[in-house]
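Data file: target-v3.json. Format and content: JSON, C-alpha atoms and all ligand atoms.
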```
[["chain", "number", "residue", "atom", "x", "y", "z"],
["A", 1, "MET", "CA", -103.83, 21.43, 24.74],
["A", 2, "MET", "CA", -103.04, 17.81, 25.46],
["A", 3, "LEU", "CA", -99.69, 17.73, 23.72],
["A", 4, "VAL", "CA", -98.46, 20.60, 25.86],
["A", 5, "ASP", "CA", -99.42, 18.74, 29.03],
["A", 6, "GLU", "CA", -97.93, 15.52, 27.78],
["A", 7, "LEU", "CA", -94.60, 16.91, 26.62],
["A", 8, "GLY", "CA", -94.30, 19.87, 28.96],
["A", 9, "PRO", "CA", -92.40, 18.33, 31.89],
["A", 10, "SER", "CA", -89.91, 16.50, 29.63],
["A", 11, "MET", "CA", -89.38, 19.65, 27.58],
["A", 12, "ARG", "CA", -88.62, 21.70, 30.65],
["A", 13, "ARG", "CA", -86.10, 19.15, 31.92],
["A", 14, "VAL", "CA", -84.38, 18.83, 28.57],
["A", 15, "ALA", "CA", -84.18, 22.59, 28.08],
["A", 16, "ARG", "CA", -82.85, 22.98, 31.62],
["A", 17, "MET", "CA", -79.83, 20.83, 30.73],
["A", 18, "TYR", "CA", -78.55, 23.50, 28.36],
["A", 19, "VAL", "CA", -79.34, 26.82, 30.02],
["A", 20, "SER", "CA", -78.45, 28.52, 33.29],
["A", 21, "SER", "CA", -81.73, 29.01, 35.18],
["A", 22, "ASP", "CA", -85.37, 28.04, 35.52],
["A", 23, "ALA", "CA", -86.41, 31.46, 34.22],
["A", 24, "VAL", "CA", -84.39, 31.05, 31.03],
["A", 25, "THR", "CA", -85.77, 27.51, 30.73],
["A", 26, "ASP", "CA", -89.33, 28.90, 30.66],
["A", 27, "GLU", "CA", -88.34, 31.35, 27.94],
["A", 28, "VAL", "CA", -86.71, 28.62, 25.87],
["A", 29, "VAL", "CA", -89.77, 26.38, 26.13],
["A", 30, "GLN", "CA", -92.05, 29.25, 25.09],
["A", 31, "GLU", "CA", -89.77, 30.17, 22.23],
["A", 32, "ALA", "CA", -89.72, 26.55, 21.10],
["A", 33, "TRP", "CA", -93.53, 26.33, 21.10],
["A", 34, "LEU", "CA", -93.62, 29.53, 19.08],
["A", 35, "GLY", "CA", -91.23, 27.92, 16.61],
["A", 36, "VAL", "CA", -93.47, 24.87, 16.49],
["A", 37, "VAL", "CA", -96.55, 26.94, 15.72],
["A", 38, "LYS", "CA", -94.70, 28.92, 13.05],
["A", 39, "GLY", "CA", -93.18, 25.85, 11.48],
["A", 40, "LEU", "CA", -96.25, 23.62, 11.60],
["A", 41, "ASP", "CA", -97.09, 24.32, 7.94],
["A", 42, "GLY", "CA", -93.68, 23.06, 6.89],
["A", 43, "PHE", "CA", -93.84, 19.93, 9.05],
["A", 44, "GLU", "CA", -93.70, 17.07, 6.60],
["A", 45, "GLY", "CA", -94.57, 14.25, 8.91],
["A", 46, "ARG", "CA", -91.37, 12.36, 8.15],
["A", 47, "ALA", "CA", -90.49, 12.44, 11.83],
["A", 48, "SER", "CA", -93.13, 12.00, 14.48],
["A", 49, "LEU", "CA", -94.62, 15.26, 15.67],
["A", 50, "ARG", "CA", -93.25, 14.90, 19.19],
["A", 51, "THR", "CA", -89.75, 14.17, 17.84],
["A", 52, "TRP", "CA", -89.93, 17.24, 15.65],
["A", 53, "ILE", "CA", -91.05, 19.38, 18.59],
["A", 54, "PHE", "CA", -88.11, 18.14, 20.66],
["A", 55, "ARG", "CA", -85.68, 18.92, 17.86],
["A", 56, "ILE", "CA", -86.88, 22.49, 17.81],
["A", 57, "LEU", "CA", -86.63, 22.63, 21.58],
["A", 58, "VAL", "CA", -83.09, 21.19, 21.73],
["A", 59, "ASN", "CA", -81.89, 23.55, 19.00],
["A", 60, "THR", "CA", -83.48, 26.52, 20.73],
["A", 61, "ALA", "CA", -81.98, 25.53, 24.09],
["A", 62, "LYS", "CA", -78.51, 24.92, 22.63],
["A", 63, "THR", "CA", -78.54, 28.28, 20.83],
["A", 64, "ARG", "CA", -79.65, 30.02, 23.98],
["A", 65, "GLY", "CA", -77.00, 28.21, 26.03],
["A", 66, "GLN", "CA", -74.31, 29.34, 23.58],
["A", 67, "ARG", "CA", -75.55, 32.90, 23.80],
["A", 68, "GLU", "CA", -75.20, 32.63, 27.56],
["A", 69, "SER", "CA", -71.66, 31.35, 26.92],
["A", 70, "ARG", "CA", -72.68, 28.32, 28.84],
["A", 71, "SER", "CA", -71.07, 25.31, 27.28],
["A", 72, "VAL", "CA", -72.21, 22.15, 28.96],
["A", 73, "PRO", "CA", -69.81, 19.26, 28.49],
["A", 74, "PHE", "CA", -71.53, 16.11, 27.26],
["A", 75, "ALA", "CA", -70.18, 14.22, 30.28],
["A", 76, "ALA", "CA", -72.03, 16.55, 32.66],
["A", 77, "LEU", "CA", -75.32, 15.52, 31.07],
["A", 78, "ALA", "CA", -74.59, 11.93, 30.19],
["A", 79, "GLY", "CA", -72.60, 10.96, 33.29],
["A", 80, "ASP", "CA", -68.82, 10.67, 33.47],
["A", 81, "ASP", "CA", -68.77, 6.91, 33.89],
["A", 82, "LEU", "CA", -69.76, 5.88, 30.38],
["A", 83, "ASP", "CA", -66.54, 4.01, 29.67],
["A", 84, "GLN", "CA", -66.74, 2.08, 32.94],
["A", 85, "PRO", "CA", -68.40, -1.32, 33.20],
["A", 86, "THR", "CA", -72.05, -0.98, 34.26],
["A", 87, "PHE", "CA", -72.01, -4.10, 36.42],
["A", 88, "ASP", "CA", -69.79, -4.38, 39.49],
["A", 89, "PRO", "CA", -66.59, -6.06, 38.18],
["A", 90, "THR", "CA", -66.12, -7.89, 41.47],
["A", 91, "ALA", "CA", -69.18, -10.02, 40.66],
["A", 92, "PHE", "CA", -67.09, -11.73, 37.98],
["A", 93, "GLY", "CA", -63.88, -13.76, 37.96],
["A", 94, "ALA", "CA", -60.85, -11.47, 37.71],
["A", 95, "PRO", "CA", -58.80, -11.27, 34.50],
["A", 96, "GLY", "CA", -56.23, -14.05, 34.46],
["A", 97, "ASP", "CA", -58.35, -16.36, 36.63],
["A", 98, "PRO", "CA", -59.55, -19.60, 35.06],
["A", 99, "ASN", "CA", -63.11, -18.26, 35.46],
["A", 100, "ALA", "CA", -62.28, -14.75, 34.21],
["A", 101, "GLY", "CA", -65.42, -12.84, 33.22],
["A", 102, "ALA", "CA", -67.80, -15.55, 34.50],
["A", 103, "TRP", "CA", -70.13, -14.92, 37.44],
["A", 104, "SER", "CA", -68.36, -15.42, 40.75],
["A", 105, "THR", "CA", -71.19, -13.88, 42.82],
["A", 106, "LEU", "CA", -74.66, -14.06, 41.32],
["A", 107, "PRO", "CA", -76.98, -11.09, 41.91],
["A", 108, "PHE", "CA", -80.02, -11.65, 44.15],
["A", 109, "ASP", "CA", -82.72, -13.50, 42.22],
["A", 110, "TRP", "CA", -85.91, -11.44, 42.51],
["A", 111, "ARG", "CA", -87.82, -13.01, 39.65],
["A", 112, "GLY", "CA", -90.32, -14.89, 41.80],
["A", 113, "MET", "CA", -91.66, -11.82, 43.63],
["A", 114, "PRO", "CA", -95.42, -12.06, 44.25],
["A", 115, "GLU", "CA", -97.20, -9.80, 41.80],
["A", 116, "GLU", "CA", -98.81, -7.57, 44.43],
["A", 117, "ARG", "CA", -95.38, -6.85, 45.85],
["A", 118, "ALA", "CA", -93.63, -6.45, 42.49],
["A", 119, "GLU", "CA", -96.24, -4.08, 41.14],
["A", 120, "GLY", "CA", -97.05, -2.15, 44.30],
["A", 121, "THR", "CA", -96.63, 1.59, 44.76],
["A", 122, "GLU", "CA", -93.42, 0.99, 46.67],
["A", 123, "THR", "CA", -91.82, -0.59, 43.62],
["A", 124, "LEU", "CA", -92.83, 2.38, 41.51],
["A", 125, "HIS", "CA", -91.23, 4.70, 44.06],
["A", 126, "VAL", "CA", -88.03, 2.66, 43.93],
["A", 127, "ILE", "CA", -87.96, 3.00, 40.13],
["A", 128, "GLY", "CA", -88.82, 6.69, 40.25],
["A", 129, "GLY", "CA", -86.19, 7.30, 42.91],
["A", 130, "ALA", "CA", -83.52, 5.46, 40.91],
["A", 131, "ILE", "CA", -84.36, 7.48, 37.78],
["A", 132, "ALA", "CA", -84.16, 10.70, 39.80],
["A", 133, "MET", "CA", -80.59, 9.86, 40.82],
["A", 134, "LEU", "CA", -79.36, 9.34, 37.25],
["A", 135, "PRO", "CA", -77.33, 11.93, 35.31],
["A", 136, "PRO", "CA", -79.88, 14.09, 33.40],
["A", 137, "MET", "CA", -79.45, 12.60, 29.94],
["A", 138, "GLN", "CA", -79.60, 9.01, 31.22],
["A", 139, "ALA", "CA", -82.77, 9.90, 33.13],
["A", 140, "GLU", "CA", -84.38, 11.49, 30.09],
["A", 141, "VAL", "CA", -83.53, 8.58, 27.79],
["A", 142, "ILE", "CA", -85.04, 5.98, 30.13],
["A", 143, "ARG", "CA", -88.12, 8.14, 30.75],
["A", 144, "LEU", "CA", -88.80, 8.54, 27.06],
["A", 145, "ARG", "CA", -87.95, 4.94, 26.13],
["A", 146, "ASP", "CA", -89.26, 2.83, 28.99],
["A", 147, "VAL", "CA", -91.76, 5.03, 30.83],
["A", 148, "LEU", "CA", -93.33, 6.72, 27.80],
["A", 149, "GLY", "CA", -92.54, 3.98, 25.28],
["A", 150, "TRP", "CA", -90.87, 6.04, 22.55],
["A", 151, "SER", "CA", -88.80, 4.17, 19.94],
["A", 152, "SER", "CA", -85.01, 4.44, 19.89],
["A", 153, "ASP", "CA", -85.18, 6.35, 16.58],
["A", 154, "GLU", "CA", -87.52, 8.89, 18.12],
["A", 155, "VAL", "CA", -85.29, 9.37, 21.15],
["A", 156, "CYS", "CA", -82.11, 9.75, 19.06],
["A", 157, "ASN", "CA", -83.83, 12.38, 16.95],
["A", 158, "ALA", "CA", -85.55, 14.16, 19.81],
["A", 159, "LEU", "CA", -82.48, 14.46, 22.02],
["A", 160, "ASP", "CA", -79.95, 14.76, 19.19],
["A", 161, "LEU", "CA", -78.05, 11.63, 20.25],
["A", 162, "THR", "CA", -76.18, 9.11, 18.12],
["A", 163, "GLU", "CA", -77.59, 5.59, 18.14],
["A", 164, "THR", "CA", -74.54, 4.39, 20.05],
["A", 165, "ASN", "CA", -74.82, 7.07, 22.73],
["A", 166, "GLN", "CA", -78.51, 6.45, 23.15],
["A", 167, "ARG", "CA", -77.91, 2.73, 23.60],
["A", 168, "VAL", "CA", -75.10, 3.28, 26.13],
["A", 169, "LEU", "CA", -77.16, 5.79, 28.13],
["A", 170, "LEU", "CA", -80.23, 3.56, 28.15],
["A", 171, "HIS", "CA", -78.26, 0.50, 29.18],
["A", 172, "ARG", "CA", -76.62, 2.33, 32.07],
["A", 173, "ALA", "CA", -79.97, 3.71, 33.18],
["A", 174, "ARG", "CA", -81.68, 0.32, 33.01],
["A", 175, "THR", "CA", -78.80, -1.35, 34.82],
["A", 176, "LYS", "CA", -79.05, 1.14, 37.69],
["A", 177, "VAL", "CA", -82.83, 0.80, 37.92],
["A", 178, "ARG", "CA", -82.49, -3.00, 37.87],
["A", 179, "GLY", "CA", -79.87, -2.68, 40.62],
["A", 180, "ALA", "CA", -82.18, -0.51, 42.72],
["A", 181, "LEU", "CA", -84.97, -3.09, 42.34],
["A", 182, "GLU", "CA", -82.56, -5.87, 43.32],
["A", 183, "GLU", "CA", -81.56, -3.96, 46.48],
["A", 184, "HIS", "CA", -85.20, -3.26, 47.30],
["A", 185, "PHE", "CA", -86.47, -6.80, 46.80],
["A", 186, "ARG", "CA", -83.49, -8.22, 48.69],
["A", 187, "SER", "CA", -84.20, -6.02, 51.70],
["A", 188, "VAL", "CA", -87.93, -6.76, 51.76],
["A", 189, "SER", "CA", -87.31, -10.50, 51.41],
["A", 190, "GLU", "CA", -84.90, -10.40, 54.38],
["A", 191, "ALA", "CA", -87.26, -8.36, 56.54],
["B", 1, "MET", "CA", -71.81, -24.73, 33.32],
["B", 2, "SER", "CA", -71.11, -25.24, 29.65],
["B", 3, "VAL", "CA", -70.74, -21.75, 28.30],
["B", 4, "ASP", "CA", -69.62, -20.58, 24.88],
["B", 5, "ALA", "CA", -66.08, -19.47, 25.62],
["B", 6, "SER", "CA", -66.12, -16.83, 22.91],
["B", 7, "ILE", "CA", -68.08, -14.39, 25.06],
["B", 8, "SER", "CA", -68.06, -14.00, 28.85],
["B", 9, "CYS", "CA", -70.85, -13.27, 31.33],
["B", 10, "GLN", "CA", -69.30, -9.87, 31.98],
["B", 11, "GLU", "CA", -69.53, -9.07, 28.27],
["B", 12, "VAL", "CA", -73.02, -10.51, 27.89],
["B", 13, "VAL", "CA", -74.57, -8.36, 30.63],
["B", 14, "GLU", "CA", -73.35, -5.24, 28.82],
["B", 15, "LEU", "CA", -75.25, -6.32, 25.71],
["B", 16, "LEU", "CA", -78.61, -7.17, 27.26],
["B", 17, "SER", "CA", -80.31, -3.85, 26.52],
["B", 18, "ALA", "CA", -79.27, -3.98, 22.89],
["B", 19, "TYR", "CA", -80.33, -7.64, 22.81],
["B", 20, "LEU", "CA", -83.80, -6.85, 24.16],
["B", 21, "ASP", "CA", -84.19, -3.95, 21.73],
["B", 22, "GLY", "CA", -83.17, -6.13, 18.77],
["B", 23, "GLU", "CA", -80.10, -4.01, 18.05],
["B", 24, "LEU", "CA", -77.36, -6.65, 17.95],
["B", 25, "ASP", "CA", -75.63, -7.56, 14.69],
["B", 26, "PRO", "CA", -76.27, -11.17, 13.60],
["B", 27, "THR", "CA", -72.86, -12.51, 14.70],
["B", 28, "THR", "CA", -73.06, -10.98, 18.18],
["B", 29, "LEU", "CA", -76.70, -12.03, 18.48],
["B", 30, "GLU", "CA", -75.74, -15.63, 17.79],
["B", 31, "ARG", "CA", -72.97, -15.57, 20.39],
["B", 32, "VAL", "CA", -75.21, -13.97, 23.01],
["B", 33, "GLU", "CA", -77.99, -16.49, 22.39],
["B", 34, "ALA", "CA", -75.56, -19.40, 22.55],
["B", 35, "HIS", "CA", -74.22, -18.04, 25.83],
["B", 36, "LEU", "CA", -77.69, -17.49, 27.31],
["B", 37, "ALA", "CA", -78.72, -21.03, 26.41],
["B", 38, "GLY", "CA", -75.99, -22.37, 28.68],
["B", 39, "CYS", "CA", -75.86, -19.74, 31.43],
["B", 40, "ASP", "CA", -78.45, -19.51, 34.23],
["B", 41, "GLY", "CA", -76.91, -16.38, 35.74],
["B", 42, "CYS", "CA", -77.08, -14.31, 32.58],
["B", 43, "THR", "CA", -80.55, -15.66, 31.80],
["B", 44, "MET", "CA", -81.69, -14.50, 35.24],
["B", 45, "VAL", "CA", -80.29, -11.01, 34.68],
["B", 46, "LEU", "CA", -81.89, -10.91, 31.22],
["B", 47, "GLU", "CA", -85.29, -11.74, 32.69],
["B", 48, "GLU", "CA", -84.81, -9.11, 35.38],
["B", 49, "PHE", "CA", -83.99, -6.53, 32.71],
["B", 50, "ARG", "CA", -87.19, -7.45, 30.91],
["B", 51, "GLU", "CA", -89.14, -7.11, 34.17],
["B", 52, "THR", "CA", -87.43, -3.78, 34.95],
["B", 53, "ILE", "CA", -88.56, -2.41, 31.59],
["B", 54, "ARG", "CA", -92.07, -3.73, 32.06],
["B", 55, "LEU", "CA", -92.36, -2.23, 35.55],
["B", 56, "SER", "CA", -90.96, 1.12, 34.35],
["B", 57, "GLY", "CA", -93.74, 1.20, 31.77],
["B", 58, "GLY", "CA", -96.25, 1.09, 34.64],
["B", 59, "LEU", "CA", -94.93, 4.38, 35.95],
["B", 60, "THR", "CA", -96.59, 7.58, 34.89],
["B", 61, "VAL", "CA", -94.40, 10.56, 34.16],
["B", 62, "GLU", "CA", -96.23, 12.38, 36.95],
["B", 63, "GLN", "CA", -95.03, 9.69, 39.36],
["B", 64, "VAL", "CA", -91.45, 10.10, 38.19],
["B", 65, "ASP", "CA", -91.69, 13.84, 38.61],
["B", 66, "GLU", "CA", -93.35, 13.49, 42.00],
["B", 67, "THR", "CA", -90.66, 11.08, 43.21],
["B", 68, "GLN", "CA", -87.99, 13.40, 41.93],
["B", 69, "ARG", "CA", -89.57, 16.30, 43.78],
["B", 70, "ARG", "CA", -89.74, 14.28, 46.99],
["B", 71, "THR", "CA", -86.13, 13.12, 46.62],
["B", 72, "LEU", "CA", -85.08, 16.74, 46.24],
["B", 73, "LEU", "CA", -87.13, 17.79, 49.26],
["B", 74, "GLU", "CA", -85.61, 15.01, 51.34],
["B", 75, "ALA", "CA", -82.11, 15.92, 50.21],
["B", 76, "PHE", "CA", -82.83, 19.53, 51.11],
["B", 77, "ARG", "CA", -84.16, 18.54, 54.53],
["B", 78, "ASP", "CA", -81.10, 16.36, 55.22],
["B", 79, "TRP", "CA", -78.88, 19.18, 54.15],
["B", 80, "ARG", "CA", -80.61, 21.61, 56.49],
["B", 81, "ALA", "CA", -80.61, 19.09, 59.33],
["B", 82, "GLY", "CA", -76.91, 18.51, 58.79],
["B", 83, "SER", "CA", -75.90, 22.16, 58.74],
["C", 1, "ZN", "ZN", -73.25, -15.89, 31.60]]
```
Can I see the file as C-alpha cells?
Ligand SMILES: [Zn+2]
Amino acid sequence: MMLVDELGPSMRRVARMYVSSDAVTDEVVQEAWLGVVKGLDGFEGRASLRTWIFRILVNTAKTRGQRESRSVPFAALAGDDLDQPTFDPTAFGAPGDPNAGAWSTLPFDWRGMPEERAEGTETLHVIGGAIAMLPPMQAEVIRLRDVLGWSSDEVCNALDLTETNQRVLLHRARTKVRGALEEHFRSVSEA
Amino acid sequence: MSVDASISCQEVVELLSAYLDGELDPTTLERVEAHLAGCDGCTMVLEEFRETIRLSGGLTVEQVDETQRRTLLEAFRDWRAGS
C-alpha cells in the first residue's frame, strides 16, 4: 500500500516522540492504522487524508505515553531554545550602539554557487545531516513542510501544533539548515 | 544604507520564514518589505532562505532517513572509539 510506505517513516518518528521504546512505537503505529481502517467510513474529507491519519496516530501515541506514565515535556520535543534569537546576536550591533540591531558582520554570501555544486549529493547530505541534528519536533516540521511539501495547515493539524508553534519551529529549523549550508559553502569555497 | 528605522535587521531575519510563507499581517509585511528594499544584507539572507527551502525540496525522505542513520552510526563509532 503506497500510503503506508509514504507515511510510514514519519509516523514511526512521530510516535517515537511520545512513547518509551521502539517496540511500543511499532504497536502504536499498528494501532493507529487499525483506527484508520475502522474510522475510514466516518472520514469526511474535511482534512486531508494524511492529516487525518496523523491525528489518529498522535492521539494514539499520546494516550499510550500517558498510560506508560511517560510525560514528555514540550521543550524536549521542540527544543529548549525557542525563546532565544535564532541568528547569532553578535552578528548585529549591540543594544545601545548607534547601529543596534543592524548587521555588523554579514553572513557568507553563497548565492552565486555553481548549480552543479549547489545541487550535488554533498549538499543534500549537508541538509539531511542538519535536519538529523534538530530537536525531534523541529526536524519533523521541516521534513513535512519543506521536504514533503505539506501546507502549514496540514502540519499544524497532523502534529497537533498551534500555528505560532509551527511557525517558530519551522523558522528555527530553516535557520539551522541555512546555517549548515553557509558553513558548507564557505568551507568548499576556501578549499 | 537607508533602512526603515522602525524595524531592525535582527528583527527582520526572525520574520523571513513567515514572510516567505505569506503569514505576516499587513502592517508587519509593509515594514519588512520597506526594510528589504533598502537592506542588501537582509535581502541576501532572504534569498538564501528561499534557496534553502528549494534545495530541501530536492531531498527525498529516504535520503533524510539514510543521513540520519549514518549520523547515528558515526556518533556510535566515535563514542566507541572514545571509550
Ligand atoms: Zn536589514
Close residues to ligand ZN 1 (chain C) using only C-alpha atoms and all ligand atoms, limit 6 Å, as a PyMOL selection string: chain B and resi 9+39+41-42
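Note that CA of Val28 in chain A and CA of Leu49 in chain A are 18.6 Å apart.
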Contact residues around range 11-25 of chain B with only C-alpha atoms at 10 Å, ignoring same-chain residues under 2 positions, as a PyMOL selection string: (chain A and resi 85-87+101-102+151-152+163+167-168+170-172+174-175) or (chain B and resi 7-9+27-33+35-36+41-43+45-47+49-50+53)
Spatial neighbours of Leu144 in chain A, max dist 9 Å, all atoms listed in the file, sep filter under 6 positions, as a VMD selection string: chain A and resid 10 150 to 151 155
Keeping C-alpha atoms for every residue in the selection just given, could you write it to a file as a compact mmCIF listing (two decimals), in the coordinates of the input?
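The new file result-v1.txt reads:
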```txt
# COMPACT_ATOMS: atom_id res chain seq x y z
CA SER A 10 -89.91 16.50 29.63
CA TRP A 150 -90.87 6.04 22.55
CA SER A 151 -88.80 4.17 19.94
CA VAL A 155 -85.29 9.37 21.15
```
Residue among A:Val19, A:Val24, A:Ile56, A:Leu7 lying closest to chain B, counting all atoms listed in the file: A:Leu7
Residue list for chain A near chain B as number ranges by chain, 8 Å, all atoms listed in the file: A: 85-87, 89, 92, 100-103, 106-107, 109-111, 119, 124-125, 127-129, 131-132, 143, 146-149, 167, 170-171, 174-175, 177-178, 181
Atom-to-atom span, CA of Gly179 in chain A and CA of Phe108 in chain A, Å: 9.6 Å
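Remark: for Gln66 in chain A, the closest of the candidate residues A:Glu140, A:Tyr18, A:Gly8, A:Ala191 is A:Tyr18 (distances computed over all atoms listed in the file).
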Using all atoms of range 47-63 of chain A that appear in the file, construct an axis-aligned enclosing box with 5 Å of padding on every side and provide its centre coordinates and edge lengths in Å, rounded to one decimal, as lines of an AutoDock Vina configuration file.
```
center_x = -86.6
center_y = 20.1
center_z = 18.0
size_x = 26.1
size_y = 26.3
size_z = 22.3
```
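If you look at CA of Met113 in chain A and CA of Ala34 in chain B, they are 27.6 Å away from each other.
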Distance query 12 Å from (-72.3, 11.2, 27.9) using all atoms listed in the file, result as a ChimeraX atom specification: /A:72-84,134-139,141,161-162,164-170,172-173
